[in-house]
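The next block is start_37.tsv, given as TSV, C-alpha atoms.
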```tsv
chain	number	residue	atom	x	y	z
C	1	GLN	CA	26.50	-13.15	6.35
C	2	GLY	CA	28.08	-10.97	3.70
C	3	GLU	CA	30.87	-8.38	3.69
C	4	GLY	CA	31.02	-6.02	6.66
C	5	GLY	CA	28.85	-8.31	8.77
C	6	LEU	CA	25.78	-7.79	6.57
C	7	VAL	CA	23.22	-10.58	6.48
C	8	ARG	CA	21.81	-11.30	3.05
C	9	SER	CA	18.67	-13.36	2.57
C	10	ILE	CA	16.58	-14.42	-0.39
C	11	ILE	CA	12.91	-14.47	0.52
C	12	PRO	CA	10.60	-16.13	-2.00
C	13	ALA	CA	7.33	-14.36	-2.73
C	14	GLN	CA	3.92	-15.97	-2.65
C	15	SER	CA	1.72	-15.18	-5.64
C	16	VAL	CA	-2.03	-14.60	-5.69
C	17	GLU	CA	-3.91	-14.61	-9.00
C	18	PHE	CA	-6.89	-12.34	-9.62
C	19	SER	CA	-8.70	-13.94	-12.51
C	20	LYS	CA	-10.40	-12.14	-15.34
C	21	GLY	CA	-14.07	-11.48	-14.66
C	22	ILE	CA	-13.86	-11.40	-10.84
C	23	GLY	CA	-14.50	-8.03	-9.18
C	24	GLY	CA	-14.34	-6.11	-12.43
C	25	VAL	CA	-11.00	-7.58	-13.52
C	26	THR	CA	-10.62	-7.31	-17.31
C	27	GLN	CA	-7.38	-9.29	-17.45
C	28	THR	CA	-5.50	-11.58	-15.08
C	29	TYR	CA	-3.46	-9.79	-12.40
C	30	TYR	CA	-1.01	-11.16	-9.84
C	31	ARG	CA	0.04	-9.91	-6.43
C	32	HIS	CA	3.44	-11.09	-5.25
C	33	GLN	CA	4.09	-10.89	-1.51
C	34	ALA	CA	7.31	-11.59	0.37
C	35	VAL	CA	7.04	-11.65	4.18
C	36	ILE	CA	10.21	-10.45	5.91
C	37	THR	CA	10.66	-11.25	9.60
C	38	GLY	CA	13.32	-10.56	12.21
C	39	LEU	CA	13.93	-6.91	11.28
C	40	GLN	CA	15.50	-4.60	13.84
C	41	GLU	CA	13.85	-1.35	14.98
C	42	GLY	CA	15.07	1.94	13.50
C	43	THR	CA	17.30	0.22	10.97
C	44	ASP	CA	17.98	0.89	7.30
C	45	TYR	CA	17.67	-2.12	4.99
C	46	SER	CA	18.54	-2.46	1.34
C	47	TYR	CA	16.76	-4.85	-0.99
C	48	ARG	CA	16.35	-5.93	-4.57
C	49	VAL	CA	13.41	-7.48	-6.38
C	50	LEU	CA	14.46	-10.52	-8.41
C	51	MET	CA	12.61	-12.57	-11.00
C	52	ASN	CA	14.25	-15.82	-12.00
C	53	GLY	CA	17.39	-14.59	-10.23
C	54	GLU	CA	17.62	-11.36	-12.24
C	55	PRO	CA	16.96	-7.84	-10.87
C	56	LEU	CA	13.49	-6.75	-11.92
C	57	LEU	CA	13.96	-3.03	-11.17
C	58	GLY	CA	17.51	-2.53	-12.41
C	59	ASP	CA	20.76	-2.92	-10.51
C	60	ASP	CA	20.14	-0.16	-7.95
C	61	GLU	CA	19.61	-1.36	-4.40
C	62	LEU	CA	16.40	-0.05	-2.89
C	63	MET	CA	16.17	1.11	0.72
C	64	PHE	CA	13.63	1.27	3.53
C	65	ARG	CA	13.81	2.03	7.24
C	66	THR	CA	11.92	0.21	9.98
C	67	GLN	CA	10.08	2.10	12.67
C	68	GLY	CA	12.10	3.12	15.69
C	69	ILE	CA	11.71	5.13	18.86
C	70	ALA	CA	12.67	8.50	17.38
C	71	ALA	CA	10.17	11.25	16.60
C	72	PHE	CA	8.59	10.75	13.18
C	73	GLN	CA	6.49	12.45	10.54
C	74	PHE	CA	3.88	10.95	8.26
C	75	LEU	CA	1.82	12.16	5.32
C	76	ALA	CA	-1.97	11.99	5.12
C	77	VAL	CA	-3.55	12.42	1.71
C	78	GLY	CA	-6.84	11.53	0.03
C	79	ASP	CA	-9.00	11.96	-3.06
C	80	THR	CA	-5.91	11.70	-5.21
C	81	GLY	CA	-6.83	9.33	-7.99
C	82	SER	CA	-7.57	11.60	-10.94
C	83	GLY	CA	-4.30	11.17	-12.80
C	84	SER	CA	-4.32	14.93	-13.34
C	85	LEU	CA	-1.43	17.37	-13.56
C	86	GLU	CA	-2.37	18.55	-10.07
C	87	GLN	CA	-1.98	15.02	-8.73
C	88	VAL	CA	1.45	14.79	-10.34
C	89	LYS	CA	2.50	18.07	-8.72
C	90	VAL	CA	1.28	16.94	-5.28
C	91	SER	CA	3.06	13.58	-5.63
C	92	GLN	CA	6.28	15.40	-6.57
C	93	ARG	CA	5.91	17.59	-3.49
C	94	MET	CA	5.28	14.51	-1.34
C	95	GLU	CA	8.53	13.00	-2.67
C	96	ARG	CA	10.48	15.91	-1.16
C	97	GLU	CA	9.16	15.23	2.34
C	98	LYS	CA	10.75	12.80	4.81
C	99	PRO	CA	7.79	10.82	6.19
C	100	ARG	CA	8.01	7.36	7.74
C	101	PHE	CA	4.74	6.26	6.13
C	102	VAL	CA	1.75	7.53	4.13
C	103	LEU	CA	-1.89	7.35	5.22
C	104	HIS	CA	-4.36	7.48	2.33
C	105	THR	CA	-7.88	8.47	3.35
C	106	GLY	CA	-9.63	7.01	0.30
C	107	ASP	CA	-10.56	7.52	-3.35
C	108	LEU	CA	-7.32	6.08	-4.63
C	109	SER	CA	-8.63	6.21	-8.19
C	110	TYR	CA	-11.37	7.94	-10.16
C	111	PRO	CA	-14.01	7.30	-11.27
C	112	THR	CA	-13.71	3.78	-9.78
C	113	SER	CA	-10.89	1.71	-8.31
C	114	THR	CA	-10.55	-0.99	-10.90
C	115	PHE	CA	-7.22	-2.79	-11.15
C	116	GLU	CA	-6.44	-0.81	-14.30
C	117	ASN	CA	-7.30	2.56	-12.71
C	118	LEU	CA	-5.29	1.74	-9.59
C	119	GLU	CA	-2.28	0.91	-11.72
C	120	ARG	CA	-2.50	4.19	-13.65
C	121	ASN	CA	-3.73	6.66	-11.01
C	122	TYR	CA	-2.22	5.23	-7.83
C	123	PHE	CA	0.76	2.91	-8.29
C	124	ASP	CA	2.22	4.80	-11.25
C	125	GLN	CA	1.91	8.08	-9.31
C	126	TYR	CA	3.55	6.93	-6.07
C	127	ARG	CA	5.80	4.03	-7.05
C	128	GLY	CA	8.95	5.98	-6.14
C	129	MET	CA	7.71	6.51	-2.57
C	130	MET	CA	6.28	2.99	-2.33
C	131	LYS	CA	9.75	1.53	-2.89
C	132	ARG	CA	10.88	2.98	0.46
C	133	LEU	CA	7.72	3.76	2.49
C	134	PRO	CA	4.66	1.81	3.59
C	135	PHE	CA	1.28	3.10	2.36
C	136	PHE	CA	-1.82	2.52	4.51
C	137	PRO	CA	-4.97	3.23	2.45
C	138	CYS	CA	-8.57	3.19	3.61
C	139	PRO	CA	-11.26	2.71	0.93
C	140	GLY	CA	-13.29	5.76	-0.08
C	141	ASN	CA	-16.65	5.91	-1.82
C	142	HIS	CA	-15.09	5.91	-5.31
C	143	ASP	CA	-13.14	2.80	-4.35
C	144	TYR	CA	-16.51	1.11	-3.74
C	145	TYR	CA	-18.26	2.19	-6.95
C	146	GLU	CA	-18.86	-0.86	-9.19
C	147	THR	CA	-16.17	-2.99	-7.50
C	148	GLU	CA	-17.09	-2.94	-3.76
C	149	ALA	CA	-13.42	-1.99	-3.16
C	150	TYR	CA	-12.35	-5.51	-4.20
C	151	PRO	CA	-9.27	-4.35	-6.18
C	152	ASN	CA	-8.32	-1.86	-3.45
C	153	VAL	CA	-8.43	-4.50	-0.71
C	154	SER	CA	-6.78	-7.15	-2.89
C	155	VAL	CA	-3.62	-5.24	-3.81
C	156	HIS	CA	-2.69	-4.16	-0.27
C	157	ASP	CA	-1.37	-6.05	2.73
C	158	LEU	CA	-2.70	-4.15	5.74
C	159	PRO	CA	-2.80	-4.96	9.47
C	160	VAL	CA	-5.45	-7.60	10.21
C	161	GLU	CA	-5.24	-8.01	13.98
C	162	GLN	CA	-8.74	-8.10	15.55
C	163	VAL	CA	-10.42	-7.52	12.16
C	164	GLN	CA	-12.84	-10.18	10.93
C	165	GLU	CA	-11.80	-11.71	7.62
C	166	SER	CA	-14.60	-10.14	5.55
C	167	ASP	CA	-13.49	-6.64	6.62
C	168	GLN	CA	-9.74	-7.06	6.36
C	169	GLY	CA	-8.28	-4.21	4.31
C	170	ARG	CA	-11.32	-2.05	5.08
C	171	TYR	CA	-10.62	-1.39	8.77
C	172	PHE	CA	-7.24	-1.55	10.47
C	173	SER	CA	-5.07	-0.10	13.20
C	174	PHE	CA	-1.39	-0.22	14.02
C	175	GLU	CA	1.23	1.14	16.39
C	176	TRP	CA	4.05	3.40	15.23
C	177	ASN	CA	6.40	4.41	17.99
C	178	ASN	CA	4.16	6.05	20.61
C	179	ALA	CA	1.20	6.61	18.25
C	180	HIS	CA	-1.81	4.39	17.67
C	181	ILE	CA	-3.20	4.83	14.14
C	182	VAL	CA	-6.81	3.81	13.39
C	183	SER	CA	-8.40	3.68	9.94
C	184	LEU	CA	-12.19	3.41	9.72
C	185	ASP	CA	-14.06	2.60	6.54
C	186	THR	CA	-17.27	4.68	6.52
C	187	ASN	CA	-18.76	3.09	3.42
C	188	THR	CA	-20.69	-0.15	2.86
C	189	PRO	CA	-19.44	-2.16	5.88
C	190	LEU	CA	-20.66	0.57	8.24
C	191	ILE	CA	-24.04	0.63	6.49
C	192	ARG	CA	-24.29	-3.17	6.80
C	193	ALA	CA	-23.45	-2.95	10.51
C	194	ALA	CA	-26.07	-0.23	11.09
C	195	HIS	CA	-28.72	-2.43	9.46
C	196	GLY	CA	-27.59	-5.57	11.25
C	197	THR	CA	-26.56	-7.34	8.03
C	198	GLY	CA	-22.76	-7.28	8.55
```
Structure translated into C-alpha cells:
Amino acid sequence: QGEGGLVRSIIPAQSVEFSKGIGGVTQTYYRHQAVITGLQEGTDYSYRVLMNGEPLLGDDELMFRTQGIAAFQFLAVGDTGSGSLEQVKVSQRMEREKPRFVLHTGDLSYPTSTFENLERNYFDQYRGMMKRLPFFPCPGNHDYYETEAYPNVSVHDLPVEQVQESDQGRYFSFEWNNAHIVSLDTNTPLIRAAHGTG
C-alpha cells in the first residue's frame, strides 16, 4: 500500500514467441501478457510498463477505467487497415471521443493481416487509444488472406468462455454493464461448420 492508501503491485508478464516462418511471420515476434485480477468496478487505475525495472514508455503514468454500472458509449469501426491519410483522420477523430471500448468489425490491415502489416496499419494507428481502452476485434476477410487470421488471433487476448480452443479469437462475447456484446466471424470457420468439417 502506497501513499494515500493506494495499492501498488508489480505483475510479471508472460511471453509468447511467434517464430519466423509460422503463419507468415518473417521475423520473430513476442507477445507479452500481464493478467491483472481483483480490480474494482468503475474505477480508474494508473499503470506503467517496465522492462528490467525501467519504464518502457517513458515516465508518464498511463490510465484505464474498469467497467461500471453507469451509462457508457463505445465505438464500432471496421475496414480500417489501409494506413491511408483517411485512416489517420478517422483515428484522430476517434481519439476525441469518450468510449469505454472499441469494437473492430474486421479487416484490421490491408491487403493481408501479417504481423508487419498489423504493426503498421493497426497498432501504430491506435496505440494512443489502446493504452487506455480495450479493443475487441473480429477477423475480416482480409485478415484471413494468406494467413488464416493467425497473426490477428495471436496478438489479441479476447474472451474465450464457451468458445472451443480452435476458434478462440474468432468468436467471442462479453458483458459490459447491461449490454451483451457478441462478435461472429463470418469467414472460414463458418464455411467449415456449414460443410461439417469444423
Can you tell me, as a tab-separated table (two decimals) with C-alpha atoms, in the frame of the given file, what residues are no more than 10 Å from region 117-132 of chain C when counting all atoms listed in the file, ignoring any on the same chain fewer than 4 positions away?
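Output contents, as saved in part_33.tsv:
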```
chain	number	residue	atom	x	y	z
C	45	TYR	CA	17.67	-2.12	4.99
C	46	SER	CA	18.54	-2.46	1.34
C	47	TYR	CA	16.76	-4.85	-0.99
C	62	LEU	CA	16.40	-0.05	-2.89
C	63	MET	CA	16.17	1.11	0.72
C	64	PHE	CA	13.63	1.27	3.53
C	65	ARG	CA	13.81	2.03	7.24
C	66	THR	CA	11.92	0.21	9.98
C	80	THR	CA	-5.91	11.70	-5.21
C	81	GLY	CA	-6.83	9.33	-7.99
C	82	SER	CA	-7.57	11.60	-10.94
C	83	GLY	CA	-4.30	11.17	-12.80
C	84	SER	CA	-4.32	14.93	-13.34
C	87	GLN	CA	-1.98	15.02	-8.73
C	88	VAL	CA	1.45	14.79	-10.34
C	90	VAL	CA	1.28	16.94	-5.28
C	91	SER	CA	3.06	13.58	-5.63
C	92	GLN	CA	6.28	15.40	-6.57
C	94	MET	CA	5.28	14.51	-1.34
C	95	GLU	CA	8.53	13.00	-2.67
C	96	ARG	CA	10.48	15.91	-1.16
C	99	PRO	CA	7.79	10.82	6.19
C	100	ARG	CA	8.01	7.36	7.74
C	101	PHE	CA	4.74	6.26	6.13
C	102	VAL	CA	1.75	7.53	4.13
C	107	ASP	CA	-10.56	7.52	-3.35
C	108	LEU	CA	-7.32	6.08	-4.63
C	109	SER	CA	-8.63	6.21	-8.19
C	110	TYR	CA	-11.37	7.94	-10.16
C	111	PRO	CA	-14.01	7.30	-11.27
C	112	THR	CA	-13.71	3.78	-9.78
C	113	SER	CA	-10.89	1.71	-8.31
C	143	ASP	CA	-13.14	2.80	-4.35
C	151	PRO	CA	-9.27	-4.35	-6.18
C	152	ASN	CA	-8.32	-1.86	-3.45
C	155	VAL	CA	-3.62	-5.24	-3.81
```
Name all residues at most 12 Å from Val163 (chain C) (count all atoms listed in the file; drop same-chain ones fewer than 5 positions away) and give them as a short mmCIF file (atom, residue, chain, number, x, y, z; two decimals) with C-alpha atoms, in the coordinates of the input.
```
data_model
loop_
_atom_site.label_atom_id
_atom_site.label_comp_id
_atom_site.auth_asym_id
_atom_site.auth_seq_id
_atom_site.Cartn_x
_atom_site.Cartn_y
_atom_site.Cartn_z
CA LEU C 158 -2.70 -4.15 5.74
CA GLN C 168 -9.74 -7.06 6.36
CA GLY C 169 -8.28 -4.21 4.31
CA ARG C 170 -11.32 -2.05 5.08
CA TYR C 171 -10.62 -1.39 8.77
CA PHE C 172 -7.24 -1.55 10.47
CA SER C 173 -5.07 -0.10 13.20
CA PHE C 174 -1.39 -0.22 14.02
CA VAL C 182 -6.81 3.81 13.39
CA SER C 183 -8.40 3.68 9.94
CA LEU C 184 -12.19 3.41 9.72
#
```
Using Å and a single decimal, report how far CA of Thr147 (chain C) sits from CA of Glu116 (chain C).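 Interatomic distance, CA of Glu116 (chain C) to CA of Thr147 (chain C): 12.1 Å.
In this structure, CA of Glu165 (chain C) sits 11.5 Å away from CA of Val153 (chain C).
The point (-2.0, -6.5, -7.4) has these residues within 7 Å of it when only C-alpha atoms are used: Tyr29, Tyr30, Arg31, Ser154 and Val155 of chain C.
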Around (7.1, 6.3, 15.2) in the file's frame, which residues reach within 10 Å when counting all atoms listed in the file? Return as a VMD selection string? chain C and resid 42 66 to 74 100 to 101 175 to 180
Have region 63-74 of chain C completed to all heavy atoms, please, and pass it along as a short mmCIF file (atom, residue, chain, number, x, y, z; two decimals), keeping the file's coordinate frame.
```cif
data_model
loop_
_atom_site.label_atom_id
_atom_site.label_comp_id
_atom_site.auth_asym_id
_atom_site.auth_seq_id
_atom_site.Cartn_x
_atom_site.Cartn_y
_atom_site.Cartn_z
N MET C 63 15.99 0.97 -0.73
CA MET C 63 16.17 1.11 0.72
C MET C 63 14.83 1.36 1.41
O MET C 63 13.93 1.97 0.83
CB MET C 63 17.09 2.31 1.03
CG MET C 63 18.47 2.25 0.44
SD MET C 63 19.56 1.09 1.28
CE MET C 63 19.67 1.81 2.91
N PHE C 64 14.73 0.87 2.65
CA PHE C 64 13.63 1.27 3.53
C PHE C 64 14.14 1.27 4.96
O PHE C 64 15.19 0.67 5.26
CB PHE C 64 12.41 0.36 3.37
CG PHE C 64 12.60 -1.04 3.89
CD1 PHE C 64 12.31 -1.38 5.21
CD2 PHE C 64 13.06 -2.04 3.04
CE1 PHE C 64 12.48 -2.67 5.68
CE2 PHE C 64 13.25 -3.34 3.50
CZ PHE C 64 12.95 -3.66 4.82
N ARG C 65 13.43 1.95 5.84
CA ARG C 65 13.81 2.03 7.24
C ARG C 65 12.66 1.56 8.11
O ARG C 65 11.52 1.96 7.91
CB ARG C 65 14.20 3.45 7.63
CG ARG C 65 14.72 3.59 9.06
CD ARG C 65 15.26 4.98 9.35
NE ARG C 65 15.77 5.10 10.70
CZ ARG C 65 16.96 4.68 11.11
NH1 ARG C 65 17.79 4.10 10.24
NH2 ARG C 65 17.35 4.83 12.37
N THR C 66 12.95 0.69 9.07
CA THR C 66 11.92 0.21 9.98
C THR C 66 11.61 1.27 11.03
O THR C 66 12.40 2.18 11.27
CB THR C 66 12.37 -1.09 10.67
OG1 THR C 66 13.63 -0.86 11.32
CG2 THR C 66 12.52 -2.22 9.67
N GLN C 67 10.45 1.14 11.64
CA GLN C 67 10.08 2.10 12.67
C GLN C 67 11.02 1.98 13.85
O GLN C 67 11.53 0.90 14.15
CB GLN C 67 8.64 1.91 13.12
CG GLN C 67 8.41 0.71 14.02
CD GLN C 67 7.01 0.71 14.59
OE1 GLN C 67 6.05 0.76 13.85
NE2 GLN C 67 6.90 0.64 15.90
N GLY C 68 11.23 3.11 14.52
CA GLY C 68 12.10 3.12 15.69
C GLY C 68 11.44 3.90 16.81
O GLY C 68 10.22 4.09 16.83
N ILE C 69 12.26 4.40 17.72
CA ILE C 69 11.71 5.13 18.86
C ILE C 69 11.86 6.64 18.69
O ILE C 69 11.43 7.40 19.55
CB ILE C 69 12.39 4.69 20.17
CG1 ILE C 69 13.90 4.92 20.11
CG2 ILE C 69 12.07 3.23 20.47
CD1 ILE C 69 14.60 4.67 21.44
N ALA C 70 12.47 7.07 17.61
CA ALA C 70 12.67 8.50 17.38
C ALA C 70 11.37 9.16 16.94
O ALA C 70 10.43 8.50 16.48
CB ALA C 70 13.74 8.71 16.32
N ALA C 71 11.31 10.48 17.10
CA ALA C 71 10.17 11.25 16.60
C ALA C 71 10.02 11.00 15.10
O ALA C 71 11.01 10.74 14.40
CB ALA C 71 10.37 12.73 16.87
N PHE C 72 8.81 11.05 14.60
CA PHE C 72 8.59 10.75 13.18
C PHE C 72 7.52 11.66 12.60
O PHE C 72 6.73 12.27 13.32
CB PHE C 72 8.18 9.28 13.00
CG PHE C 72 6.83 8.96 13.59
CD1 PHE C 72 5.69 9.02 12.81
CD2 PHE C 72 6.69 8.60 14.92
CE1 PHE C 72 4.44 8.72 13.34
CE2 PHE C 72 5.46 8.30 15.47
CZ PHE C 72 4.32 8.37 14.68
N GLN C 73 7.52 11.74 11.29
CA GLN C 73 6.49 12.45 10.54
C GLN C 73 5.82 11.46 9.60
O GLN C 73 6.43 10.48 9.17
CB GLN C 73 7.10 13.58 9.70
CG GLN C 73 7.77 14.68 10.51
CD GLN C 73 8.41 15.72 9.62
OE1 GLN C 73 8.82 15.44 8.51
NE2 GLN C 73 8.49 16.94 10.13
N PHE C 74 4.56 11.73 9.28
CA PHE C 74 3.88 10.95 8.26
C PHE C 74 3.06 11.88 7.39
O PHE C 74 2.79 13.03 7.75
CB PHE C 74 3.00 9.85 8.88
CG PHE C 74 1.82 10.37 9.68
CD1 PHE C 74 0.59 10.57 9.07
CD2 PHE C 74 1.95 10.65 11.03
CE1 PHE C 74 -0.49 11.04 9.79
CE2 PHE C 74 0.87 11.11 11.77
CZ PHE C 74 -0.36 11.31 11.14
#
```
